[in-house]
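**Q** So that you have it, the file is model_9.cif, and it contains mmCIF, C-alpha atoms (C1' of nucleotides):
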```
data_input
loop_
_atom_site.group_PDB
_atom_site.id
_atom_site.type_symbol
_atom_site.label_atom_id
_atom_site.label_comp_id
_atom_site.auth_asym_id
_atom_site.auth_seq_id
_atom_site.Cartn_x
_atom_site.Cartn_y
_atom_site.Cartn_z
ATOM 1 C CA MET A 177 24.410 -18.595 1.920
ATOM 2 C CA ALA A 178 25.512 -15.220 0.698
ATOM 3 C CA THR A 179 27.764 -13.735 3.331
ATOM 4 C CA LEU A 180 27.025 -10.248 4.519
ATOM 5 C CA LYS A 181 29.398 -7.572 3.288
ATOM 6 C CA TYR A 182 30.006 -4.284 5.007
ATOM 7 C CA SER A 183 28.363 -1.230 3.480
ATOM 8 C CA ARG A 184 28.753 2.356 4.594
ATOM 9 C CA GLN A 185 25.223 3.133 3.495
ATOM 10 C CA ARG A 186 23.880 0.422 5.767
ATOM 11 C CA GLU A 187 25.981 1.700 8.673
ATOM 12 C CA ALA A 188 24.699 5.221 8.103
ATOM 13 C CA ILE A 189 21.098 3.975 8.109
ATOM 14 C CA LYS A 190 21.629 2.091 11.340
ATOM 15 C CA GLU A 191 23.331 5.078 12.934
ATOM 16 C CA PHE A 192 20.572 7.416 11.842
ATOM 17 C CA LEU A 193 17.880 5.179 13.291
ATOM 18 C CA ASN A 194 19.818 4.935 16.527
ATOM 19 C CA SER A 195 19.788 8.724 16.797
ATOM 20 C CA ARG A 196 16.012 8.960 16.527
ATOM 21 C CA ASP A 197 13.147 7.846 18.684
ATOM 22 C CA ASP A 198 10.299 8.947 16.421
ATOM 23 C CA HIS A 199 10.232 5.838 14.218
ATOM 24 C CA PRO A 200 11.072 7.315 10.811
ATOM 25 C CA THR A 201 9.671 6.063 7.518
ATOM 26 C CA ALA A 202 11.878 4.750 4.708
ATOM 27 C CA ASP A 203 11.459 8.091 2.990
ATOM 28 C CA THR A 204 12.597 10.049 6.041
ATOM 29 C CA VAL A 205 15.624 7.785 6.315
ATOM 30 C CA TYR A 206 16.325 8.390 2.636
ATOM 31 C CA GLU A 207 16.142 12.187 2.927
ATOM 32 C CA ASN A 208 18.448 12.233 5.918
ATOM 33 C CA ILE A 209 21.048 9.837 4.576
ATOM 34 C CA GLN A 210 21.210 11.940 1.442
ATOM 35 C CA GLN A 211 22.926 14.621 3.524
ATOM 36 C CA ILE A 212 25.847 12.237 3.889
ATOM 37 C CA TYR A 213 25.552 10.202 0.685
ATOM 38 C CA PRO A 214 23.827 12.393 -1.902
ATOM 39 C CA ASN A 215 23.687 9.558 -4.423
ATOM 40 C CA ILE A 216 22.070 6.948 -2.216
ATOM 41 C CA SER A 217 18.978 5.505 -3.836
ATOM 42 C CA LEU A 218 15.646 4.828 -2.218
ATOM 43 C CA GLY A 219 15.966 1.184 -3.227
ATOM 44 C CA THR A 220 19.143 0.914 -1.200
ATOM 45 C CA VAL A 221 17.333 2.313 1.815
ATOM 46 C CA TYR A 222 14.493 -0.174 1.458
ATOM 47 C CA ARG A 223 16.812 -3.095 0.845
ATOM 48 C CA ASN A 224 18.910 -2.296 3.888
ATOM 49 C CA LEU A 225 15.916 -1.672 6.113
ATOM 50 C CA SER A 226 14.548 -5.087 5.132
ATOM 51 C CA LEU A 227 17.908 -6.673 5.703
ATOM 52 C CA LEU A 228 18.294 -5.067 9.134
ATOM 53 C CA VAL A 229 14.804 -6.214 10.075
ATOM 54 C CA SER A 230 15.558 -9.755 8.958
ATOM 55 C CA ILE A 231 18.705 -9.982 11.096
ATOM 56 C CA GLY A 232 16.888 -8.449 14.039
ATOM 57 C CA GLU A 233 18.841 -5.217 14.297
ATOM 58 C CA ILE A 234 15.801 -3.027 13.830
ATOM 59 C CA ILE A 235 12.040 -3.441 14.032
ATOM 60 C CA LYS A 236 9.404 -2.661 11.427
ATOM 61 C CA ILE A 237 6.237 -0.983 12.666
ATOM 62 C CA THR A 238 3.229 -1.384 10.410
ATOM 63 C CA THR A 239 0.335 0.967 11.019
ATOM 64 C CA ALA A 240 -3.198 1.172 9.658
ATOM 65 C CA GLN A 241 -2.366 4.381 7.838
ATOM 66 C CA GLY A 242 0.683 5.496 5.930
ATOM 67 C CA PRO A 243 4.008 3.812 5.228
ATOM 68 C CA ASP A 244 5.879 1.458 7.508
ATOM 69 C CA ARG A 245 8.117 2.889 10.197
ATOM 70 C CA PHE A 246 11.384 1.667 11.631
ATOM 71 C CA ASP A 247 12.748 1.492 15.130
ATOM 72 C CA ALA A 248 16.302 0.781 16.280
ATOM 73 C CA ARG A 249 15.120 -0.127 19.774
ATOM 74 C CA THR A 250 14.790 -3.874 19.711
ATOM 75 C CA THR A 251 14.095 -4.374 23.395
ATOM 76 C CA PRO A 252 10.447 -5.195 24.103
ATOM 77 C CA HIS A 253 8.210 -2.156 24.271
ATOM 78 C CA ASN A 254 4.898 -1.052 22.841
ATOM 79 C CA HIS A 255 3.744 1.700 20.514
ATOM 80 C CA PHE A 256 1.024 4.276 20.537
ATOM 81 C CA ILE A 257 -0.300 5.582 17.199
ATOM 82 C CA CYS A 258 -2.136 8.905 17.158
ATOM 83 C CA ARG A 259 -5.313 8.870 15.093
ATOM 84 C CA ASP A 260 -4.920 12.575 14.377
ATOM 85 C CA CYS A 261 -1.273 13.289 13.550
ATOM 86 C CA HIS A 262 -0.284 9.635 13.011
ATOM 87 C CA SER A 263 2.845 9.972 15.092
ATOM 88 C CA VAL A 264 4.168 6.795 16.666
ATOM 89 C CA ILE A 265 5.294 7.034 20.278
ATOM 90 C CA ASP A 266 7.032 4.502 22.499
ATOM 91 C CA ILE A 267 5.212 3.210 25.534
ATOM 92 C CA GLU A 268 7.432 1.685 28.155
ATOM 93 C CA MET A 269 5.336 -0.586 30.336
ATOM 94 C CA GLU A 270 5.405 -3.816 32.180
ATOM 95 C CA GLU A 271 3.169 -6.153 30.276
ATOM 96 C CA ASN A 272 1.396 -9.272 31.279
ATOM 97 C CA GLY A 273 4.243 -11.652 30.463
ATOM 98 C CA ASP A 274 2.094 -14.673 29.831
ATOM 99 C CA LEU A 275 -0.009 -13.102 27.084
ATOM 100 C CA GLU A 276 1.550 -15.523 24.629
ATOM 101 C CA GLU A 277 1.023 -18.503 26.886
ATOM 102 C CA LEU A 278 -2.579 -17.496 27.276
ATOM 103 C CA ALA A 279 -2.969 -17.287 23.506
ATOM 104 C CA ALA A 280 -1.135 -20.578 22.984
ATOM 105 C CA LYS A 281 -3.805 -22.392 25.010
ATOM 106 C CA ARG A 282 -6.387 -21.452 22.439
ATOM 107 C CA PHE A 283 -4.289 -21.948 19.361
ATOM 108 C CA ALA A 284 -3.106 -24.952 17.377
ATOM 109 C CA GLY A 285 0.159 -23.544 15.970
ATOM 110 C CA ILE A 286 3.345 -22.098 17.435
ATOM 111 C CA ILE A 287 3.310 -18.562 18.807
ATOM 112 C CA GLU A 288 6.691 -16.905 18.487
ATOM 113 C CA GLY A 289 5.918 -13.319 19.372
ATOM 114 C CA HIS A 290 3.344 -10.582 19.551
ATOM 115 C CA THR A 291 2.948 -6.844 19.214
ATOM 116 C CA THR A 292 0.472 -4.560 20.900
ATOM 117 C CA ASN A 293 -0.404 -1.186 19.434
ATOM 118 C CA PHE A 294 -2.372 1.434 21.304
ATOM 119 C CA TYR A 295 -4.573 3.971 19.530
ATOM 120 C CA GLY A 296 -6.022 7.331 20.479
ATOM 121 C CA LEU A 297 -4.954 10.962 20.698
ATOM 122 C CA CYS A 298 -1.385 11.875 21.565
ATOM 123 C CA GLY A 299 -0.511 14.602 24.075
ATOM 124 C CA ASN A 300 -0.139 17.327 21.480
ATOM 125 C CA CYS A 301 -3.329 16.507 19.625
ATOM 126 C CA THR A 302 -5.277 16.338 22.878
ATOM 127 C CA LYS A 303 -4.292 19.974 23.498
ATOM 128 C CA LYS A 304 -5.188 20.980 19.951
ATOM 129 C CA VAL A 305 -8.682 19.545 20.288
ATOM 130 C CA GLN A 306 -9.308 21.452 23.504
ATOM 131 C CA LYS A 307 -8.586 24.816 21.878
ATOM 132 C CA MET B 124 -23.430 15.612 6.859
ATOM 133 C CA ALA B 125 -24.108 13.444 3.869
ATOM 134 C CA THR B 126 -26.758 10.924 4.855
ATOM 135 C CA LEU B 127 -26.069 7.297 4.181
ATOM 136 C CA LYS B 128 -28.011 5.756 1.322
ATOM 137 C CA TYR B 129 -28.735 2.088 0.920
ATOM 138 C CA SER B 130 -26.665 0.198 -1.613
ATOM 139 C CA ARG B 131 -27.048 -3.409 -2.655
ATOM 140 C CA GLN B 132 -23.317 -3.659 -3.302
ATOM 141 C CA ARG B 133 -22.581 -2.606 0.254
ATOM 142 C CA GLU B 134 -25.100 -5.110 1.622
ATOM 143 C CA ALA B 135 -23.537 -7.858 -0.453
ATOM 144 C CA ILE B 136 -20.076 -6.970 0.859
ATOM 145 C CA LYS B 137 -21.292 -7.028 4.447
ATOM 146 C CA GLU B 138 -23.078 -10.326 3.901
ATOM 147 C CA PHE B 139 -20.022 -11.860 2.287
ATOM 148 C CA LEU B 140 -17.782 -10.827 5.158
ATOM 149 C CA ASN B 141 -20.294 -12.223 7.621
ATOM 150 C CA SER B 142 -20.092 -15.582 5.883
ATOM 151 C CA ARG B 143 -16.320 -15.821 6.236
ATOM 152 C CA ASP B 144 -13.961 -16.109 9.140
ATOM 153 C CA ASP B 145 -10.693 -16.003 7.208
ATOM 154 C CA HIS B 146 -10.423 -12.195 7.004
ATOM 155 C CA PRO B 147 -10.533 -11.647 3.238
ATOM 156 C CA THR B 148 -8.620 -8.932 1.416
ATOM 157 C CA ALA B 149 -10.358 -6.247 -0.666
ATOM 158 C CA ASP B 150 -9.438 -8.226 -3.759
ATOM 159 C CA THR B 151 -10.980 -11.422 -2.426
ATOM 160 C CA VAL B 152 -14.138 -9.512 -1.586
ATOM 161 C CA TYR B 153 -14.118 -8.077 -5.113
ATOM 162 C CA GLU B 154 -13.760 -11.458 -6.799
ATOM 163 C CA ASN B 155 -16.557 -12.965 -4.767
ATOM 164 C CA ILE B 156 -19.008 -10.103 -5.120
ATOM 165 C CA GLN B 157 -18.452 -10.267 -8.874
ATOM 166 C CA GLN B 158 -20.341 -13.561 -8.856
ATOM 167 C CA ILE B 159 -23.454 -11.597 -7.851
ATOM 168 C CA TYR B 160 -22.715 -8.192 -9.407
ATOM 169 C CA PRO B 161 -20.410 -8.797 -12.385
ATOM 170 C CA ASN B 162 -19.981 -5.070 -12.994
ATOM 171 C CA ILE B 163 -18.969 -4.059 -9.491
ATOM 172 C CA SER B 164 -15.730 -2.121 -9.503
ATOM 173 C CA LEU B 165 -12.788 -2.535 -7.175
ATOM 174 C CA GLY B 166 -13.131 1.106 -6.184
ATOM 175 C CA THR B 167 -16.642 0.419 -4.929
ATOM 176 C CA VAL B 168 -15.329 -2.435 -2.827
ATOM 177 C CA TYR B 169 -12.617 -0.252 -1.303
ATOM 178 C CA ARG B 170 -14.983 2.657 -0.723
ATOM 179 C CA ASN B 171 -17.537 0.482 1.014
ATOM 180 C CA LEU B 172 -14.965 -1.345 3.094
ATOM 181 C CA SER B 173 -13.647 2.017 4.322
ATOM 182 C CA LEU B 174 -17.156 3.213 5.007
ATOM 183 C CA LEU B 175 -18.062 0.078 6.940
ATOM 184 C CA VAL B 176 -14.883 0.408 8.974
ATOM 185 C CA SER B 177 -15.626 4.052 9.749
ATOM 186 C CA ILE B 178 -19.114 3.253 11.067
ATOM 187 C CA GLY B 179 -17.766 0.347 13.062
ATOM 188 C CA GLU B 180 -19.540 -2.459 11.238
ATOM 189 C CA ILE B 181 -16.337 -4.202 10.269
ATOM 190 C CA ILE B 182 -12.710 -4.125 11.345
ATOM 191 C CA LYS B 183 -9.613 -3.548 9.247
ATOM 192 C CA ILE B 184 -6.628 -5.752 10.000
ATOM 193 C CA THR B 185 -3.280 -4.381 8.888
ATOM 194 C CA THR B 186 -0.423 -6.849 8.729
ATOM 195 C CA ALA B 187 3.306 -6.488 8.158
ATOM 196 C CA GLN B 188 3.021 -8.227 4.810
ATOM 197 C CA GLY B 189 0.455 -8.007 2.058
ATOM 198 C CA PRO B 190 -2.794 -6.088 1.710
ATOM 199 C CA ASP B 191 -5.190 -5.184 4.497
ATOM 200 C CA ARG B 192 -7.784 -7.699 5.589
ATOM 201 C CA PHE B 193 -11.321 -7.266 6.806
ATOM 202 C CA ASP B 194 -13.317 -8.876 9.565
ATOM 203 C CA ALA B 195 -17.055 -8.706 10.216
ATOM 204 C CA ARG B 196 -16.565 -9.807 13.819
ATOM 205 C CA THR B 197 -16.456 -6.595 15.775
ATOM 206 C CA THR B 198 -16.468 -8.125 19.258
ATOM 207 C CA PRO B 199 -13.051 -7.952 20.942
ATOM 208 C CA HIS B 200 -10.719 -10.722 19.903
ATOM 209 C CA ASN B 201 -7.149 -11.086 18.772
ATOM 210 C CA HIS B 202 -5.452 -12.280 15.622
ATOM 211 C CA PHE B 203 -2.632 -14.590 14.795
ATOM 212 C CA ILE B 204 -0.651 -14.045 11.590
ATOM 213 C CA CYS B 205 1.343 -16.943 10.163
ATOM 214 C CA ARG B 206 4.843 -16.009 9.050
ATOM 215 C CA ASP B 207 4.797 -18.781 6.459
ATOM 216 C CA CYS B 208 1.406 -18.767 4.722
ATOM 217 C CA HIS B 209 0.333 -15.327 5.992
ATOM 218 C CA SER B 210 -3.100 -16.540 6.968
ATOM 219 C CA VAL B 211 -4.867 -14.578 9.673
ATOM 220 C CA ILE B 212 -6.614 -16.603 12.360
ATOM 221 C CA ASP B 213 -8.895 -15.535 15.205
ATOM 222 C CA ILE B 214 -7.723 -16.098 18.742
ATOM 223 C CA GLU B 215 -10.454 -16.052 21.320
ATOM 224 C CA MET B 216 -8.929 -15.358 24.694
ATOM 225 C CA GLU B 217 -9.525 -13.537 27.899
ATOM 226 C CA GLU B 218 -7.112 -10.668 27.929
ATOM 227 C CA ASN B 219 -5.727 -8.626 30.703
ATOM 228 C CA GLY B 220 -8.495 -6.026 30.734
ATOM 229 C CA ASP B 221 -6.422 -3.255 32.189
ATOM 230 C CA LEU B 222 -3.764 -3.256 29.486
ATOM 231 C CA GLU B 223 -4.958 0.175 28.407
ATOM 232 C CA GLU B 224 -5.010 1.504 31.957
ATOM 233 C CA LEU B 225 -1.483 0.255 32.409
ATOM 234 C CA ALA B 226 -0.388 2.019 29.249
ATOM 235 C CA ALA B 227 -2.253 5.188 30.184
ATOM 236 C CA LYS B 228 -0.115 5.534 33.308
ATOM 237 C CA ARG B 229 2.936 5.927 31.138
ATOM 238 C CA PHE B 230 1.415 8.067 28.451
ATOM 239 C CA ALA B 231 0.472 11.731 28.144
ATOM 240 C CA GLY B 232 -2.388 11.438 25.631
ATOM 241 C CA ILE B 233 -5.710 9.616 25.527
ATOM 242 C CA ILE B 234 -5.755 5.903 24.825
ATOM 243 C CA GLU B 235 -8.924 4.814 23.080
ATOM 244 C CA GLY B 236 -8.143 1.264 22.079
ATOM 245 C CA HIS B 237 -5.516 -1.296 21.284
ATOM 246 C CA THR B 238 -4.873 -4.334 19.150
ATOM 247 C CA THR B 239 -2.618 -7.278 19.830
ATOM 248 C CA ASN B 240 -1.325 -9.455 17.012
ATOM 249 C CA PHE B 241 0.415 -12.750 17.551
ATOM 250 C CA TYR B 242 3.029 -14.111 15.180
ATOM 251 C CA GLY B 243 4.463 -17.529 14.484
ATOM 252 C CA LEU B 244 3.576 -20.698 12.582
ATOM 253 C CA CYS B 245 -0.036 -21.746 12.152
ATOM 254 C CA GLY B 246 -1.188 -25.328 12.665
ATOM 255 C CA ASN B 247 -0.947 -26.296 9.005
ATOM 256 C CA CYS B 248 2.484 -24.787 8.488
ATOM 257 C CA THR B 249 3.786 -26.449 11.647
ATOM 258 C CA LYS B 250 2.890 -29.809 10.085
ATOM 259 C CA LYS B 251 4.483 -28.871 6.768
ATOM 260 C CA VAL B 252 7.786 -27.995 8.456
ATOM 261 C CA GLN B 253 7.926 -31.344 10.245
ATOM 262 C CA LYS B 254 7.634 -33.303 7.007
ATOM 263 C "C1'" DC C 91 46.922 -6.925 -6.076
ATOM 264 C "C1'" DC C 92 43.329 -9.706 -7.912
ATOM 265 C "C1'" DA C 93 39.284 -12.449 -8.469
ATOM 266 C "C1'" DA C 94 34.731 -13.316 -6.683
ATOM 267 C "C1'" DT C 95 30.661 -11.399 -5.456
ATOM 268 C "C1'" DA C 96 27.740 -8.505 -2.359
ATOM 269 C "C1'" DA C 97 25.993 -4.023 -2.616
ATOM 270 C "C1'" DT C 98 24.968 0.063 -5.106
ATOM 271 C "C1'" DA C 99 22.634 3.753 -8.105
ATOM 272 C "C1'" DG C 100 19.348 4.479 -11.240
ATOM 273 C "C1'" DT C 101 15.320 3.142 -13.112
ATOM 274 C "C1'" DA C 102 11.289 0.379 -14.271
ATOM 275 C "C1'" DA C 103 7.680 -2.274 -12.706
ATOM 276 C "C1'" DT C 104 4.375 -4.019 -9.373
ATOM 277 C "C1'" DC C 105 1.085 -3.914 -5.861
ATOM 278 C "C1'" DT C 106 -2.307 -1.544 -3.106
ATOM 279 C "C1'" DT C 107 -5.226 2.074 -2.492
ATOM 280 C "C1'" DT C 108 -7.395 6.491 -3.478
ATOM 281 C "C1'" DA C 109 -9.187 10.125 -6.591
ATOM 282 C "C1'" DC C 110 -11.824 11.695 -10.455
ATOM 283 C "C1'" DT C 111 -15.889 11.886 -13.695
ATOM 284 C "C1'" DG C 112 -19.973 11.149 -16.003
ATOM 285 C "C1'" DT C 113 -23.933 7.998 -15.141
ATOM 286 C "C1'" DT C 114 -27.195 5.364 -12.205
ATOM 287 C "C1'" DA C 115 -29.806 4.265 -8.033
ATOM 288 C "C1'" DT C 116 -31.960 5.653 -3.859
ATOM 289 C "C1'" DT C 117 -34.710 8.658 -1.155
ATOM 290 C "C1'" DA C 118 -38.024 11.889 0.344
ATOM 291 C "C1'" DA C 119 -41.330 15.129 -1.031
ATOM 292 C "C1'" DT C 120 -44.670 16.374 -4.045
ATOM 293 C "C1'" DA D 31 -46.287 7.649 -9.548
ATOM 294 C "C1'" DT D 32 -43.140 11.702 -10.768
ATOM 295 C "C1'" DT D 33 -39.686 14.419 -9.778
ATOM 296 C "C1'" DA D 34 -35.693 16.643 -7.777
ATOM 297 C "C1'" DA D 35 -31.674 16.126 -4.962
ATOM 298 C "C1'" DT D 36 -27.807 13.633 -4.230
ATOM 299 C "C1'" DA D 37 -25.349 9.382 -2.579
ATOM 300 C "C1'" DA D 38 -23.341 5.650 -4.807
ATOM 301 C "C1'" DC D 39 -21.744 3.550 -8.829
ATOM 302 C "C1'" DA D 40 -18.587 1.788 -12.847
ATOM 303 C "C1'" DG D 41 -14.754 2.710 -15.200
ATOM 304 C "C1'" DT D 42 -10.520 4.593 -15.320
ATOM 305 C "C1'" DA D 43 -6.546 7.337 -14.040
ATOM 306 C "C1'" DA D 44 -3.407 8.540 -10.614
ATOM 307 C "C1'" DA D 45 -0.915 8.297 -6.351
ATOM 308 C "C1'" DG D 46 1.764 6.074 -2.813
ATOM 309 C "C1'" DA D 47 4.707 2.485 -1.198
ATOM 310 C "C1'" DT D 48 7.617 -1.114 -2.158
ATOM 311 C "C1'" DT D 49 10.141 -4.464 -4.899
ATOM 312 C "C1'" DA D 50 12.696 -6.032 -9.065
ATOM 313 C "C1'" DC D 51 16.110 -5.471 -12.614
ATOM 314 C "C1'" DT D 52 20.765 -4.290 -14.552
ATOM 315 C "C1'" DA D 53 25.077 -2.511 -15.357
ATOM 316 C "C1'" DT D 54 28.607 -0.618 -12.300
ATOM 317 C "C1'" DT D 55 31.133 -0.091 -7.866
ATOM 318 C "C1'" DA D 56 32.862 -1.534 -3.324
ATOM 319 C "C1'" DT D 57 34.272 -5.019 -0.202
ATOM 320 C "C1'" DT D 58 36.669 -9.091 1.060
ATOM 321 C "C1'" DG D 59 39.589 -13.120 1.350
ATOM 322 C "C1'" DG D 60 43.351 -15.248 -0.760
#
```
Output the file's structure in the form of structure tokens.
**A**
Amino acid sequence: MATLKYSRQREAIKEFLNSRDDHPTADTVYENIQQIYPNISLGTVYRNLSLLVSIGEIIKITTAQGPDRFDARTTPHNHFICRDCHSVIDIEMEENGDLEELAAKRFAGIIEGHTTNFYGLCGNCTKKVQK
Amino acid sequence: MATLKYSRQREAIKEFLNSRDDHPTADTVYENIQQIYPNISLGTVYRNLSLLVSIGEIIKITTAQGPDRFDARTTPHNHFICRDCHSVIDIEMEENGDLEELAAKRFAGIIEGHTTNFYGLCGNCTKKVQK
DNA sequence: CCAATAATAGTAATCTTTACTGTTATTAAT
DNA sequence: ATTAATAACAGTAAAGATTACTATTATTGG
């Protein structure tokens, strides 16, 4: 049971993610942390992102296109993914709370959670198309 | 506007996916089609899977772990992904139809669709844990 | 301060998917 | 049926994303 040790790199990653609401990729995290720790390696970024996900401090967002993204907001909310610019945007909404119960009725295993992703054109790309 | 030409490989891929309900990966498709067309290349499998997705004949399922999976069932349904064995299982359920309307109220762009994935332990893995 | 070890930087390797190229198969028109 | 145009193919290389490995450094508890 390896005990967790403090690391300044990990703190910097967490802090960076907290400062952003655009769900950066591992590479974006890497580039930004380099401003503070020029020698940080991409592997360190990936390892810490995984670790933070596993202890529930951040969330990993997997999309149909491009690399995974990371989100420091762990309270329940949904995401919209633009099919044009691939940006990922938070959607704050009240959701049918018993979605999981409903699913559980039709399923033999144990449902522990769910994620809903919305797809379409974001505000910016909607404007672009109209031009 | 390149017109679509028939291809036996593509037909075989479609047929194979129709025969399965376990959402095979590109590699699984490849291995199985090789039984019929020993010379088929993995690139052909990927190209045709993409093509079939783009014309709406199959669906791509992207999960947090492992390669994409493909599903010939295009009617609306949800998926469950097991955190232990990573199998992907259909969940047939009536869903709150206005989920997208609800999201649209809080969102500036155009919402065209959504997917909901459930997570947890599948039936088999639930049994395994109890042992 | 020191010993134990988690975490790191740097790099190599792996896994998944896409791109490229010369050849083959399909199609529509002769 | 032949032919010409070209979509699709096999084979292979390359790209993109992530994980694994190793010697060194940083953190921690005693």
**Q** Pull the neighbourhood of (3.0, -0.7, 2.8) for me: all residues within 6 Å in file coordinates, counting all atoms listed in the file, as a list in words.
**A**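 Protein and nucleic acid residues near the point are Pro243 and Asp244 of chain A; DA47 of chain D.
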**Q** Write out, as a JSON list (two decimals), keeping the file's coordinate frame, the residues just selected, with C-alpha atoms (C1' of nucleotides).
**A**
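This is the output file again-v1.json:
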```json
[["chain", "number", "residue", "atom", "x", "y", "z"],
["A", 243, "PRO", "CA", 4.01, 3.81, 5.23],
["A", 244, "ASP", "CA", 5.88, 1.46, 7.51],
["D", 47, "DA", "C1'", 4.71, 2.48, -1.20]]
```
**Q** Residues of chain A that approach chain D to 9 Å or less, counting only C-alpha atoms (C1' of nucleotides): could you list each one with the shortest pair of atoms and its distance in Å to one decimal, rows by chain and increasing residue number, as CSV?
**A**
```
residue,atom,partner,partner_atom,distance
A:Lys181,CA,D:DT57,C1',6.5
A:Tyr182,CA,D:DT57,C1',6.8
A:Ser183,CA,D:DT57,C1',7.9
A:Gly219,CA,D:DT49,C1',8.3
A:Tyr222,CA,D:DT48,C1',7.8
A:Arg223,CA,D:DT49,C1',8.9
A:Gly242,CA,D:DA47,C1',8.7
A:Pro243,CA,D:DA47,C1',6.6
A:Asp244,CA,D:DA47,C1',8.8
```
**Q** Give the answer as one residue: which of B:Leu165, B:Ala149, B:Leu172, B:Ile159 has the shortest atom-to-atom distance to Ala135 in chain B, using all atoms listed in the file?
**A**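 Once distances to Ala135 in chain B are computed over all atoms listed in the file, the minimum belongs to B:Ile159.
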**Q** Can you list, as a PyMOL selection string, the residues that the PyMOL selection byres ((chain C) within 8 of (chain B)) selects here?
**A** chain C and resi 106-107+116-117
**Q** Quick one: write out the picked residues with C-alpha atoms (C1' of nucleotides) as an mmCIF file, keeping the file's coordinate frame?
**A**
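Output file part_31.cif is given in full below:
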```cif
data_model
loop_
_atom_site.group_PDB
_atom_site.id
_atom_site.type_symbol
_atom_site.label_atom_id
_atom_site.label_comp_id
_atom_site.auth_asym_id
_atom_site.auth_seq_id
_atom_site.Cartn_x
_atom_site.Cartn_y
_atom_site.Cartn_z
ATOM 1 C "C1'" DT C 106 -2.307 -1.544 -3.106
ATOM 2 C "C1'" DT C 107 -5.226 2.074 -2.492
ATOM 3 C "C1'" DT C 116 -31.960 5.653 -3.859
ATOM 4 C "C1'" DT C 117 -34.710 8.658 -1.155
#
```
**Q** Which is closer to chain B than all the others in A:Asn224, A:Ser230, A:Asn215, A:Thr292, using all atoms listed in the file?
**A**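 Of A:Asn224, A:Ser230, A:Asn215, A:Thr292, the one nearest chain B is A:Thr292, counting all atoms listed in the file.
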**Q** May I have the residues of chain B within 10 Å of chain A, counting all atoms listed in the file, written as number ranges by chain?
**A** B: 183-188, 191, 201-206, 212-219, 221-223, 225-250
**Q** With C-alpha atoms kept, could you save the residues just selected as a short mmCIF file (atom, residue, chain, number, x, y, z; two decimals), in the frame of the given file?
**A**
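Once everything was written out, this is selection21.cif:
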```
data_model
loop_
_atom_site.label_atom_id
_atom_site.label_comp_id
_atom_site.auth_asym_id
_atom_site.auth_seq_id
_atom_site.Cartn_x
_atom_site.Cartn_y
_atom_site.Cartn_z
CA LYS B 183 -9.61 -3.55 9.25
CA ILE B 184 -6.63 -5.75 10.00
CA THR B 185 -3.28 -4.38 8.89
CA THR B 186 -0.42 -6.85 8.73
CA ALA B 187 3.31 -6.49 8.16
CA GLN B 188 3.02 -8.23 4.81
CA ASP B 191 -5.19 -5.18 4.50
CA ASN B 201 -7.15 -11.09 18.77
CA HIS B 202 -5.45 -12.28 15.62
CA PHE B 203 -2.63 -14.59 14.80
CA ILE B 204 -0.65 -14.04 11.59
CA CYS B 205 1.34 -16.94 10.16
CA ARG B 206 4.84 -16.01 9.05
CA ILE B 212 -6.61 -16.60 12.36
CA ASP B 213 -8.90 -15.54 15.20
CA ILE B 214 -7.72 -16.10 18.74
CA GLU B 215 -10.45 -16.05 21.32
CA MET B 216 -8.93 -15.36 24.69
CA GLU B 217 -9.52 -13.54 27.90
CA GLU B 218 -7.11 -10.67 27.93
CA ASN B 219 -5.73 -8.63 30.70
CA ASP B 221 -6.42 -3.26 32.19
CA LEU B 222 -3.76 -3.26 29.49
CA GLU B 223 -4.96 0.18 28.41
CA LEU B 225 -1.48 0.26 32.41
CA ALA B 226 -0.39 2.02 29.25
CA ALA B 227 -2.25 5.19 30.18
CA LYS B 228 -0.12 5.53 33.31
CA ARG B 229 2.94 5.93 31.14
CA PHE B 230 1.42 8.07 28.45
CA ALA B 231 0.47 11.73 28.14
CA GLY B 232 -2.39 11.44 25.63
CA ILE B 233 -5.71 9.62 25.53
CA ILE B 234 -5.76 5.90 24.82
CA GLU B 235 -8.92 4.81 23.08
CA GLY B 236 -8.14 1.26 22.08
CA HIS B 237 -5.52 -1.30 21.28
CA THR B 238 -4.87 -4.33 19.15
CA THR B 239 -2.62 -7.28 19.83
CA ASN B 240 -1.32 -9.46 17.01
CA PHE B 241 0.42 -12.75 17.55
CA TYR B 242 3.03 -14.11 15.18
CA GLY B 243 4.46 -17.53 14.48
CA LEU B 244 3.58 -20.70 12.58
CA CYS B 245 -0.04 -21.75 12.15
CA GLY B 246 -1.19 -25.33 12.66
CA ASN B 247 -0.95 -26.30 9.01
CA CYS B 248 2.48 -24.79 8.49
CA THR B 249 3.79 -26.45 11.65
CA LYS B 250 2.89 -29.81 10.09
#
```
**Q** Distance cut-off 9 Å, centre (-18.1, -2.7, 7.2) in file coordinates, counting only C-alpha atoms (C1' of nucleotides): which residues qualify? Return them as a CSV table (one decimal) with C-alpha atoms, in the frame of the given file.
**A**
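Output file out_22.csv is given in full below:
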```csv
chain,number,residue,atom,x,y,z
B,133,ARG,CA,-22.6,-2.6,0.3
B,136,ILE,CA,-20.1,-7.0,0.9
B,137,LYS,CA,-21.3,-7.0,4.4
B,140,LEU,CA,-17.8,-10.8,5.2
B,171,ASN,CA,-17.5,0.5,1.0
B,172,LEU,CA,-15.0,-1.3,3.1
B,173,SER,CA,-13.6,2.0,4.3
B,174,LEU,CA,-17.2,3.2,5.0
B,175,LEU,CA,-18.1,0.1,6.9
B,176,VAL,CA,-14.9,0.4,9.0
B,177,SER,CA,-15.6,4.1,9.7
B,178,ILE,CA,-19.1,3.3,11.1
B,179,GLY,CA,-17.8,0.3,13.1
B,180,GLU,CA,-19.5,-2.5,11.2
B,181,ILE,CA,-16.3,-4.2,10.3
B,182,ILE,CA,-12.7,-4.1,11.3
B,183,LYS,CA,-9.6,-3.5,9.2
B,193,PHE,CA,-11.3,-7.3,6.8
B,194,ASP,CA,-13.3,-8.9,9.6
B,195,ALA,CA,-17.1,-8.7,10.2
```
